[in-house]
$ cat entry_37.tsv   # TSV, C-alpha atoms
chain	number	residue	atom	x	y	z
A	429	MET	CA	121.11	85.28	99.54
A	430	GLY	CA	123.42	83.54	97.09
A	431	LYS	CA	124.52	79.95	97.36
A	432	VAL	CA	127.52	78.85	99.40
A	433	VAL	CA	129.49	76.48	97.18
A	434	SER	CA	132.65	74.52	97.82
A	435	ALA	CA	134.36	73.77	94.51
A	436	LEU	CA	137.66	71.92	94.33
A	437	SER	CA	139.57	69.55	92.08
A	438	MET	CA	139.98	66.19	93.84
A	439	SER	CA	141.84	62.97	93.10
A	440	LEU	CA	139.77	59.77	92.96
A	441	ASP	CA	141.16	58.95	96.41
A	442	GLY	CA	139.95	62.21	97.92
A	443	PHE	CA	142.88	64.63	97.94
A	444	VAL	CA	142.76	68.27	96.79
A	445	ALA	CA	146.54	68.70	96.86
A	446	ASP	CA	149.61	66.62	97.58
A	447	GLU	CA	151.12	66.68	101.08
A	448	HIS	CA	153.11	69.82	100.19
A	449	GLY	CA	150.04	71.63	98.82
A	450	GLY	CA	151.01	70.95	95.20
A	451	VAL	CA	148.19	70.66	92.66
A	452	GLY	CA	150.15	69.70	89.54
A	453	GLU	CA	148.44	66.31	89.27
A	454	LEU	CA	144.98	67.89	89.66
A	455	PHE	CA	144.96	71.11	87.61
A	456	GLY	CA	145.85	69.72	84.15
A	457	TRP	CA	142.28	70.17	82.93
A	458	TYR	CA	142.65	73.97	83.18
A	459	GLN	CA	145.06	73.80	80.21
A	460	ASN	CA	144.14	70.67	78.20
A	461	GLY	CA	141.78	72.07	75.56
A	462	ASP	CA	141.28	74.61	72.79
A	463	VAL	CA	138.68	76.85	74.36
A	464	GLU	CA	140.31	79.99	75.70
A	465	ILE	CA	138.71	81.35	78.85
A	466	PRO	CA	140.12	84.62	80.10
A	467	SER	CA	139.90	85.13	83.84
A	468	ALA	CA	139.48	88.32	85.84
A	469	ASP	CA	143.24	88.25	86.36
A	470	PRO	CA	145.06	89.03	83.09
A	471	ARG	CA	147.96	86.81	84.19
A	472	TRP	CA	145.66	83.76	84.02
A	473	THR	CA	144.01	82.48	80.86
A	474	PHE	CA	142.57	78.97	80.84
A	475	HIS	CA	142.51	76.65	77.79
A	476	VAL	CA	139.95	73.96	78.39
A	477	THR	CA	137.76	71.50	76.50
A	478	GLU	CA	134.25	72.49	75.38
A	479	ALA	CA	132.81	70.44	78.23
A	480	SER	CA	135.00	72.03	80.90
A	481	ALA	CA	134.28	75.45	79.42
A	482	ARG	CA	130.59	74.99	80.21
A	483	PHE	CA	131.62	74.30	83.77
A	484	LEU	CA	134.30	76.97	84.19
A	485	ARG	CA	132.97	79.95	82.27
A	486	PRO	CA	130.33	81.05	84.80
A	487	ALA	CA	132.84	80.89	87.66
A	488	VAL	CA	135.20	83.38	86.00
A	489	SER	CA	132.48	85.57	84.46
A	490	GLY	CA	130.94	87.22	87.48
A	491	ALA	CA	128.84	84.43	89.01
A	492	VAL	CA	131.08	84.33	92.08
A	493	GLY	CA	130.60	87.29	94.39
A	494	ALA	CA	133.09	86.38	97.12
A	495	LEU	CA	135.76	83.80	97.80
A	496	ILE	CA	136.62	82.40	101.21
A	497	CYS	CA	139.91	80.65	101.91
A	498	GLY	CA	142.13	79.68	104.82
A	499	ARG	CA	145.51	81.09	105.75
A	500	ARG	CA	147.51	78.23	104.19
A	501	LEU	CA	145.99	78.70	100.74
A	502	PHE	CA	146.33	82.47	101.08
A	503	GLU	CA	150.07	82.09	101.78
A	504	ARG	CA	150.60	79.51	99.06
A	505	THR	CA	149.00	81.69	96.38
A	506	ASP	CA	150.48	84.89	97.84
A	507	GLY	CA	146.89	86.04	98.22
A	508	TRP	CA	146.47	85.80	94.42
A	509	LYS	CA	148.24	89.21	94.58
A	510	GLY	CA	144.80	90.46	95.58
A	511	ARG	CA	143.26	89.49	92.22
A	512	HIS	CA	141.56	86.14	92.19
A	513	PRO	CA	140.72	84.69	88.73
A	514	ALA	CA	137.05	84.80	89.74
A	515	GLY	CA	137.34	88.60	89.95
A	516	CYS	CA	135.81	88.85	93.41
A	517	PRO	CA	136.88	90.00	96.85
A	518	ILE	CA	138.76	87.49	98.99
A	519	PHE	CA	137.87	86.67	102.61
A	520	VAL	CA	140.65	84.96	104.55
A	521	VAL	CA	140.01	83.06	107.77
A	522	SER	CA	143.12	83.57	109.89
A	523	HIS	CA	143.82	84.10	113.57
A	524	THR	CA	146.61	86.57	112.82
A	525	LEU	CA	147.18	89.16	110.11
A	526	PRO	CA	149.94	88.35	107.61
A	527	ALA	CA	152.70	90.96	107.42
A	528	GLY	CA	151.76	93.76	105.01
A	529	TRP	CA	148.04	92.96	105.07
A	530	PRO	CA	145.36	94.20	104.75
A	531	ARG	CA	146.11	96.69	101.97
A	532	ASP	CA	143.89	99.61	101.07
A	533	ASP	CA	144.25	98.99	97.34
A	534	LEU	CA	143.31	95.29	97.30
A	535	PRO	CA	139.97	93.62	98.16
A	536	VAL	CA	141.31	91.13	100.70
A	537	SER	CA	139.99	91.05	104.25
A	538	PHE	CA	140.76	88.88	107.28
A	539	TYR	CA	138.55	87.25	109.89
A	540	PRO	CA	139.56	85.17	112.89
A	541	ASP	CA	136.29	83.26	112.72
A	542	ALA	CA	134.92	81.15	109.84
A	543	ILE	CA	131.29	82.08	110.47
A	544	ALA	CA	132.06	85.81	110.65
A	545	ALA	CA	133.97	85.51	107.37
A	546	LEU	CA	130.97	83.83	105.74
A	547	ASP	CA	128.60	86.53	107.03
A	548	ALA	CA	130.82	89.24	105.58
A	549	ALA	CA	131.27	87.36	102.29
A	550	GLN	CA	127.52	86.84	101.87
A	551	THR	CA	126.84	90.53	102.50
A	552	VAL	CA	129.25	91.47	99.72
A	553	ALA	CA	128.15	88.68	97.34
A	554	GLY	CA	124.45	89.39	97.60
A	555	GLU	CA	122.68	87.03	95.19
A	556	ARG	CA	125.94	85.76	93.76
A	557	VAL	CA	127.80	82.64	94.82
A	558	VAL	CA	130.11	82.55	97.82
A	559	ALA	CA	132.90	80.13	96.85
A	560	VAL	CA	134.70	78.18	99.56
A	561	SER	CA	138.12	77.03	98.42
A	562	THR	CA	139.64	75.37	101.49
A	563	PRO	CA	138.78	71.86	102.76
A	564	THR	CA	138.89	72.73	106.47
A	565	LEU	CA	136.39	75.55	105.93
A	566	THR	CA	134.23	73.33	103.74
A	567	ARG	CA	133.99	70.88	106.64
A	568	GLN	CA	133.22	73.64	109.14
A	569	TYR	CA	130.41	75.00	106.98
A	570	LEU	CA	129.10	71.47	106.36
A	571	ASP	CA	129.09	70.79	110.10
A	572	ALA	CA	127.30	74.10	110.68
A	573	GLY	CA	124.68	73.36	108.00
A	574	LEU	CA	125.74	76.43	106.00
A	575	LEU	CA	126.97	74.83	102.76
A	576	ASP	CA	124.55	74.59	99.80
A	577	GLU	CA	126.57	72.83	97.13
A	578	ILE	CA	129.72	70.81	96.63
A	579	THR	CA	131.37	70.74	93.23
A	580	VAL	CA	134.04	68.12	92.77
A	581	SER	CA	136.18	68.21	89.64
A	582	LEU	CA	137.19	64.55	89.91
A	583	ILE	CA	140.62	63.78	88.48
A	584	PRO	CA	141.64	60.30	87.24
A	585	VAL	CA	144.60	59.86	89.56
A	586	LEU	CA	145.29	58.19	92.91
A	587	LEU	CA	147.64	60.39	94.95
A	588	GLY	CA	148.03	58.04	97.91
A	589	GLU	CA	148.42	60.91	100.37
A	590	GLY	CA	147.89	64.63	100.57
A	591	ILE	CA	145.38	67.19	101.78
A	592	SER	CA	141.98	65.55	102.12
A	593	PHE	CA	138.80	67.27	100.87
A	594	PHE	CA	136.41	65.65	103.33
A	595	GLY	CA	138.52	64.05	106.08
A	596	GLY	CA	137.51	64.93	109.64
A	597	LEU	CA	133.78	65.53	109.24
A	598	THR	CA	132.18	65.49	112.67
A	599	ILE	CA	128.54	65.19	111.58
A	600	ALA	CA	127.94	62.28	109.22
A	601	PRO	CA	126.50	60.80	107.12
A	602	ILE	CA	125.73	63.86	105.00
A	603	ARG	CA	123.44	62.97	102.12
A	604	LEU	CA	123.66	64.84	98.83
A	605	ASP	CA	121.39	65.34	95.82
A	606	GLY	CA	122.66	64.90	92.33
A	607	PRO	CA	125.19	65.05	90.89
A	608	GLU	CA	124.90	67.09	87.75
A	609	VAL	CA	127.62	65.57	85.60
A	610	ILE	CA	129.80	67.33	83.04
A	611	ASP	CA	132.02	64.72	81.46
A	612	GLY	CA	135.24	66.49	80.53
A	613	SER	CA	138.59	65.23	79.35
A	614	GLY	CA	140.86	64.28	82.23
A	615	VAL	CA	138.21	65.51	84.63
A	616	THR	CA	134.62	64.75	85.60
A	617	HIS	CA	132.77	67.77	86.99
A	618	LEU	CA	130.21	66.69	89.59
A	619	THR	CA	127.88	69.18	91.29
A	620	TYR	CA	125.98	68.02	94.39
A	621	ARG	CA	123.41	69.80	96.53
A	622	VAL	CA	123.69	69.30	100.27
A	623	ILE	CA	120.50	67.89	101.80
A	624	ARG	CA	119.84	69.57	105.15
B	304	MET	CA	143.84	36.67	79.62
B	305	GLY	CA	140.78	38.56	80.87
B	306	LYS	CA	140.91	41.89	82.62
B	307	VAL	CA	141.41	42.25	86.34
B	308	VAL	CA	138.81	44.76	87.52
B	309	SER	CA	138.11	46.20	90.93
B	310	ALA	CA	134.49	47.35	91.11
B	311	LEU	CA	133.00	48.83	94.26
B	312	SER	CA	130.39	51.33	95.39
B	313	MET	CA	132.11	54.24	97.14
B	314	SER	CA	130.96	57.34	99.02
B	315	LEU	CA	132.13	60.72	97.73
B	316	ASP	CA	134.62	60.75	100.61
B	317	GLY	CA	136.16	57.42	99.63
B	318	PHE	CA	134.53	54.74	101.78
B	319	VAL	CA	133.18	51.39	100.52
B	320	ALA	CA	131.43	50.55	103.79
B	321	ASP	CA	130.87	52.11	107.18
B	322	GLU	CA	133.23	51.27	110.04
B	323	HIS	CA	131.20	48.13	110.83
B	324	GLY	CA	131.21	46.93	107.22
B	325	GLY	CA	127.66	48.14	106.57
B	326	VAL	CA	126.77	49.19	103.03
B	327	GLY	CA	123.22	50.48	103.55
B	328	GLU	CA	124.15	54.04	102.52
B	329	LEU	CA	125.92	52.80	99.37
B	330	PHE	CA	123.78	50.03	97.87
B	331	GLY	CA	120.48	51.91	97.38
B	332	TRP	CA	121.04	52.09	93.60
B	333	TYR	CA	120.66	48.30	93.36
B	334	GLN	CA	116.96	48.73	94.18
B	335	ASN	CA	115.94	52.25	93.04
B	336	GLY	CA	114.59	51.59	89.54
B	337	ASP	CA	112.11	49.68	87.42
B	338	VAL	CA	114.46	47.48	85.43
B	339	GLU	CA	114.54	44.00	86.89
B	340	ILE	CA	117.89	42.29	86.65
B	341	PRO	CA	118.00	38.72	87.85
B	342	SER	CA	121.31	37.56	89.20
B	343	ALA	CA	122.91	34.14	89.16
B	344	ASP	CA	121.64	33.73	92.71
B	345	PRO	CA	117.84	33.34	92.72
B	346	ARG	CA	117.72	34.99	96.17
B	347	TRP	CA	118.96	38.25	94.60
B	348	THR	CA	117.08	40.25	91.98
B	349	PHE	CA	118.11	43.83	91.34
B	350	HIS	CA	115.71	46.64	90.36
B	351	VAL	CA	117.71	49.45	88.85
B	352	THR	CA	117.33	52.43	86.54
B	353	GLU	CA	117.88	52.07	82.77
B	354	ALA	CA	121.29	53.72	83.16
B	355	SER	CA	122.43	51.44	85.97
B	356	ALA	CA	121.07	48.44	84.06
B	357	ARG	CA	123.55	49.16	81.25
B	358	PHE	CA	126.28	49.09	83.86
B	359	LEU	CA	125.10	46.11	85.91
B	360	ARG	CA	123.70	43.69	83.35
B	361	PRO	CA	127.04	42.45	81.95
B	362	ALA	CA	128.41	41.81	85.44
B	363	VAL	CA	125.58	39.42	86.32
B	364	SER	CA	125.26	37.85	82.85
B	365	GLY	CA	128.43	35.86	82.55
B	366	ALA	CA	131.07	38.54	81.89
B	367	VAL	CA	132.73	37.83	85.23
B	368	GLY	CA	134.67	34.57	85.30
B	369	ALA	CA	135.99	34.69	88.85
B	370	LEU	CA	135.63	36.79	91.97
B	371	ILE	CA	138.39	37.46	94.50
B	372	CYS	CA	137.67	38.68	98.00
B	373	GLY	CA	139.28	38.85	101.42
B	374	ARG	CA	138.38	36.97	104.55
B	375	ARG	CA	136.40	39.82	106.13
B	376	LEU	CA	134.03	40.12	103.18
B	377	PHE	CA	133.75	36.35	102.96
B	378	GLU	CA	132.68	36.20	106.61
B	379	ARG	CA	130.33	39.15	106.34
B	380	THR	CA	128.47	37.66	103.35
B	381	ASP	CA	128.73	34.13	104.72
B	382	GLY	CA	130.59	33.32	101.52
B	383	TRP	CA	127.49	34.30	99.53
B	384	LYS	CA	126.43	30.74	100.53
B	385	GLY	CA	128.78	29.71	97.73
B	386	ARG	CA	126.63	31.42	95.06
B	387	HIS	CA	127.78	34.91	94.16
B	388	PRO	CA	125.27	37.03	92.16
B	389	ALA	CA	127.85	37.14	89.35
B	390	GLY	CA	127.49	33.36	89.02
B	391	CYS	CA	131.20	32.65	89.16
B	392	PRO	CA	133.61	30.78	91.42
B	393	ILE	CA	134.89	32.64	94.48
B	394	PHE	CA	138.56	32.89	95.44
B	395	VAL	CA	139.16	33.91	99.04
B	396	VAL	CA	142.50	35.26	100.26
B	397	SER	CA	142.87	34.04	103.84
B	398	HIS	CA	145.72	32.80	106.00
B	399	THR	CA	143.50	30.23	107.65
B	400	LEU	CA	140.56	28.10	106.51
B	401	PRO	CA	137.18	29.05	107.96
B	402	ALA	CA	135.43	26.22	109.82
B	403	GLY	CA	133.47	24.02	107.43
B	404	TRP	CA	135.31	25.20	104.31
B	405	PRO	CA	136.17	24.32	101.60
B	406	ARG	CA	133.10	22.32	100.56
B	407	ASP	CA	133.04	19.88	97.69
B	408	ASP	CA	129.64	21.12	96.48
B	409	LEU	CA	130.44	24.86	96.30
B	410	PRO	CA	132.94	26.68	94.06
B	411	VAL	CA	134.81	28.51	96.82
B	412	SER	CA	138.56	28.09	97.23
B	413	PHE	CA	141.08	29.57	99.65
B	414	TYR	CA	144.59	30.94	99.16
B	415	PRO	CA	146.98	32.35	101.75
B	416	ASP	CA	148.57	34.59	99.14
B	417	ALA	CA	146.90	37.32	97.05
B	418	ILE	CA	149.03	36.70	93.97
B	419	ALA	CA	148.42	32.94	94.04
B	420	ALA	CA	144.69	33.61	94.32
B	421	LEU	CA	144.83	35.87	91.27
B	422	ASP	CA	146.78	33.28	89.28
B	423	ALA	CA	144.19	30.63	90.07
B	424	ALA	CA	141.29	33.00	89.37
B	425	GLN	CA	142.71	34.00	85.99
B	426	THR	CA	143.19	30.38	85.02
B	427	VAL	CA	139.52	29.69	85.71
B	428	ALA	CA	138.24	32.96	84.21
B	429	GLY	CA	140.11	32.63	80.93
B	430	GLU	CA	139.08	35.57	78.75
B	431	ARG	CA	136.46	36.70	81.20
B	432	VAL	CA	136.85	39.36	83.87
B	433	VAL	CA	138.40	38.65	87.24
B	434	ALA	CA	136.53	40.88	89.70
B	435	VAL	CA	138.29	42.08	92.84
B	436	SER	CA	135.82	43.03	95.54
B	437	THR	CA	137.99	43.93	98.54
B	438	PRO	CA	139.88	47.24	99.00
B	439	THR	CA	143.00	45.72	100.56
B	440	LEU	CA	143.39	43.32	97.62
B	441	THR	CA	142.71	46.13	95.15
B	442	ARG	CA	145.63	48.04	96.68
B	443	GLN	CA	147.89	44.98	96.61
B	444	TYR	CA	147.15	44.34	92.94
B	445	LEU	CA	147.59	48.05	92.14
B	446	ASP	CA	150.96	48.05	93.92
B	447	ALA	CA	151.95	44.90	92.00
B	448	GLY	CA	150.88	46.39	88.65
B	449	LEU	CA	148.28	43.65	88.15
B	450	LEU	CA	145.06	45.67	88.09
B	451	ASP	CA	143.62	46.69	84.69
B	452	GLU	CA	140.51	48.66	85.61
B	453	ILE	CA	138.83	50.37	88.51
B	454	THR	CA	135.08	50.87	88.47
B	455	VAL	CA	133.72	53.21	91.09
B	456	SER	CA	129.98	53.47	91.58
B	457	LEU	CA	130.14	56.88	93.25
B	458	ILE	CA	127.38	57.52	95.77
B	459	PRO	CA	126.19	61.02	96.74
B	460	VAL	CA	126.90	60.71	100.45
B	461	LEU	CA	129.70	61.66	102.83
B	462	LEU	CA	130.16	58.89	105.40
B	463	GLY	CA	132.84	60.61	107.47
B	464	GLU	CA	134.51	57.34	108.39
B	465	GLY	CA	134.53	53.72	107.35
B	466	ILE	CA	136.46	51.26	105.21
B	467	SER	CA	138.53	53.18	102.66
B	468	PHE	CA	138.72	52.07	99.02
B	469	PHE	CA	142.18	53.47	98.30
B	470	GLY	CA	143.78	54.31	101.66
B	471	GLY	CA	147.28	52.90	102.18
B	472	LEU	CA	148.60	52.80	98.62
B	473	THR	CA	152.37	52.40	98.76
B	474	ILE	CA	153.13	53.29	95.14
B	475	ALA	CA	151.65	56.62	94.06
B	476	PRO	CA	150.63	58.60	92.15
B	477	ILE	CA	148.80	56.10	89.98
B	478	ARG	CA	147.43	57.75	86.86
B	479	LEU	CA	144.24	56.50	85.25
B	480	ASP	CA	142.60	56.81	81.83
B	481	GLY	CA	138.98	57.72	81.49
B	482	PRO	CA	136.52	57.54	83.03
B	483	GLU	CA	133.68	56.14	81.03
B	484	VAL	CA	130.69	57.71	82.75
B	485	ILE	CA	127.24	56.22	83.21
B	486	ASP	CA	125.10	58.82	84.93
B	487	GLY	CA	122.60	56.90	87.02
B	488	SER	CA	120.13	57.96	89.67
B	489	GLY	CA	121.71	58.12	93.11
B	490	VAL	CA	124.93	56.78	91.63
B	491	THR	CA	127.53	57.74	89.05
B	492	HIS	CA	129.27	54.74	87.49
B	493	LEU	CA	132.86	55.62	86.59
B	494	THR	CA	135.18	53.14	84.84
B	495	TYR	CA	138.91	53.93	84.75
B	496	ARG	CA	141.79	52.08	83.10
B	497	VAL	CA	145.00	51.87	85.09
B	498	ILE	CA	147.98	53.34	83.22
B	499	ARG	CA	151.06	51.19	83.82
$ encode --input "entry_37.tsv" --output "structure tokens"
Amino acid sequence: MGKVVSALSMSLDGFVADEHGGVGELFGWYQNGDVEIPSADPRWTFHVTEASARFLRPAVSGAVGALICGRRLFERTDGWKGRHPAGCPIFVVSHTLPAGWPRDDLPVSFYPDAIAALDAAQTVAGERVVAVSTPTLTRQYLDAGLLDEITVSLIPVLLGEGISFFGGLTIAPIRLDGPEVIDGSGVTHLTYRVIR
Amino acid sequence: MGKVVSALSMSLDGFVADEHGGVGELFGWYQNGDVEIPSADPRWTFHVTEASARFLRPAVSGAVGALICGRRLFERTDGWKGRHPAGCPIFVVSHTLPAGWPRDDLPVSFYPDAIAALDAAQTVAGERVVAVSTPTLTRQYLDAGLLDEITVSLIPVLLGEGISFFGGLTIAPIRLDGPEVIDGSGVTHLTYRVIR
């Protein structure tokens, strides 16, 4: 089975978006360098530093076999129009189906339960990574002992408020191994393994 | 004038101590290596990795000219018995004087106001660093535009709750330059400059 990895950009004070879900202060590193990285979605091409390229390239080159997100992120991104930059199917945890979904022509499926979504995502991903891209789900999988890695792209900014990456953990402390550090420009990529 | 630097060990989820003020989960890196670093207080000798030694040695070898803390930390450490490991005078921000203080024989002074404490500390420190070791004061100096650097010794643990380093900022976002990264063992030392 592939690893279950939560990977998000986070401010130094722990937020993955501002209080409205905006990520403008956090996503600058995707476009602050000379290395062009095409994604699986032709509308998105990244331009990153050499260091960040080492971090980003695998994620958009087939290493990710499935992506899990919550309903809020699905709505905000309009479901990535069914084509996530990682080029993988999308598994949305949501109690209700959004209007017009699911669609036969797009690899987006919906699950009322986070664990059922992970089961389905792992079946599809096989040996590839299952990426978790929502903080609430990250915390649920951490609490359930189902998360293998946490990758924080740490951004040199204090947002003061917003959507917290790790707020509301119910089982703590959680000790981590690592990190592996990739020292980018305007971002520090830190990969931790969860110790069970 | 020397730099005003806030330097604390912080969990990946943003806490500098547990809810009781305990730092057991965060201070392991002070004793996880073979490099012996004596401090200005003979009761405290650190044993750190080569990487952490590069980070720690200046701080306990005269680079810090004054240390500012709040009343809670002063009480918890019993005022470091008047001898901080950095070997510098201690400036405590407190509305009231603790019983038995100040003492003529120990370099600990008390100020009801955070800005007055910083003025006094900078006068004593001269060109040397003024270290701020309390989160609430860090936030006050950030809000007042008086903080030059933030050094986070980032620890691979999620505490879930505790005393927040950056919670309660009133002026945000605050953008930072850097970080300089020293990749230790069980700790990642990150030094940021505050952009005014």
$ residues_around --input "entry_37.tsv" --residues "Val396 in chain B" --least-positions-apart "6" --cutoff "7 Å" --atoms "only C-alpha atoms" --output "ChimeraX atom specification"
/B:372-374,413-417,420
$ closest_atom_pairs --input "entry_37.tsv" --of "chain B" --to "chain A" --cutoff "8 Å" --atoms "all atoms listed in the file" --output "CSV"
residue,atom,partner,partner_atom,distance
B:Leu315,CA,A:Gly442,CA,8.0
B:Asp316,CA,A:Phe594,CA,5.9
B:Gly317,CA,A:Asp441,CA,6.1
B:Pro459,CA,A:Leu604,CA,5.0
B:Val460,CA,A:Arg603,CA,4.5
B:Leu461,CA,A:Ile602,CA,5.0
B:Leu462,CA,A:Pro601,CA,4.5
B:Gly463,CA,A:Leu597,CA,5.3
B:Phe468,CA,A:Asp441,CA,7.8
B:Phe469,CA,A:Asp441,CA,5.9
B:Gly470,CA,A:Gly588,CA,6.8
B:Gly471,CA,A:Gly588,CA,6.7
B:Leu472,CA,A:Gly588,CA,5.3
B:Thr473,CA,A:Gly588,CA,7.2
B:Ile474,CA,A:Gly588,CA,7.5
B:Ala475,CA,A:Gly588,CA,5.5
B:Pro476,CA,A:Leu587,CA,4.5
B:Ile477,CA,A:Leu586,CA,5.0
B:Arg478,CA,A:Val585,CA,4.4
B:Leu479,CA,A:Pro584,CA,5.0
B:Asp480,CA,A:Pro584,CA,6.5
B:Gly481,CA,A:Pro584,CA,6.8
B:Pro482,CA,A:Pro584,CA,7.2
B:Val484,CA,A:Asp611,CA,7.3
B:Asp486,CA,A:Val609,CA,7.2
B:Ser488,CA,A:Gly606,CA,7.9
B:Gly489,CA,A:Gly606,CA,6.9
B:Thr491,CA,A:Pro607,CA,7.9
B:Tyr495,CA,A:Pro584,CA,7.4
$ closest_residue --input "entry_37.tsv" --among "A:Pro563, A:Arg471, A:Val520, A:Pro535" --to "Ile591 in chain A" --atoms "all atoms listed in the file"
A:Pro563
$ residues_around --input "entry_37.tsv" --residues "range 450-454 of chain B" --least-positions-apart "2" --cutoff "8 Å" --atoms "only C-alpha atoms" --output "compact mmCIF listing (two decimals) with C-alpha atoms, keeping the file's coordinate frame"
# COMPACT_ATOMS: atom_id res chain seq x y z
CA LYS B 306 140.91 41.89 82.62
CA VAL B 307 141.41 42.25 86.34
CA VAL B 308 138.81 44.76 87.52
CA SER B 309 138.11 46.20 90.93
CA ALA B 310 134.49 47.35 91.11
CA LEU B 311 133.00 48.83 94.26
CA THR B 441 142.71 46.13 95.15
CA TYR B 444 147.15 44.34 92.94
CA LEU B 445 147.59 48.05 92.14
CA ALA B 447 151.95 44.90 92.00
CA GLY B 448 150.88 46.39 88.65
CA SER B 456 129.98 53.47 91.58
CA HIS B 492 129.27 54.74 87.49
CA LEU B 493 132.86 55.62 86.59
CA THR B 494 135.18 53.14 84.84
CA TYR B 495 138.91 53.93 84.75
CA ARG B 496 141.79 52.08 83.10
CA VAL B 497 145.00 51.87 85.09
$ atom_distance --input "entry_37.tsv" --atom1 "CA of Pro513 in chain A" --atom2 "CA of Tyr458 in chain A"
12.2 Å
$ closest_residue --input "entry_37.tsv" --among "B:Ser364, B:Thr426, B:Ser397, B:Ser412" --to "Gly385 in chain B" --atoms "all atoms listed in the file"
B:Ser412
$ atom_distance --input "entry_37.tsv" --atom1 "CA of Gly450 in chain A" --atom2 "CA of Glu503 in chain A"
13.0 Å
$ atom_distance --input "entry_37.tsv" --atom1 "CA of Ala553 in chain A" --atom2 "CA of Leu454 in chain A"
27.8 Å
$ closest_residue --input "entry_37.tsv" --among "A:Leu495, A:Asn460, A:Thr562, A:Lys509" --to "Asp547 in chain A" --atoms "only C-alpha atoms"
A:Leu495
$ closest_residue --input "entry_37.tsv" --among "B:Gly429, B:Gly403, B:Gly305, B:Gly324" --to "Gly465 in chain B" --atoms "all atoms listed in the file"
B:Gly324
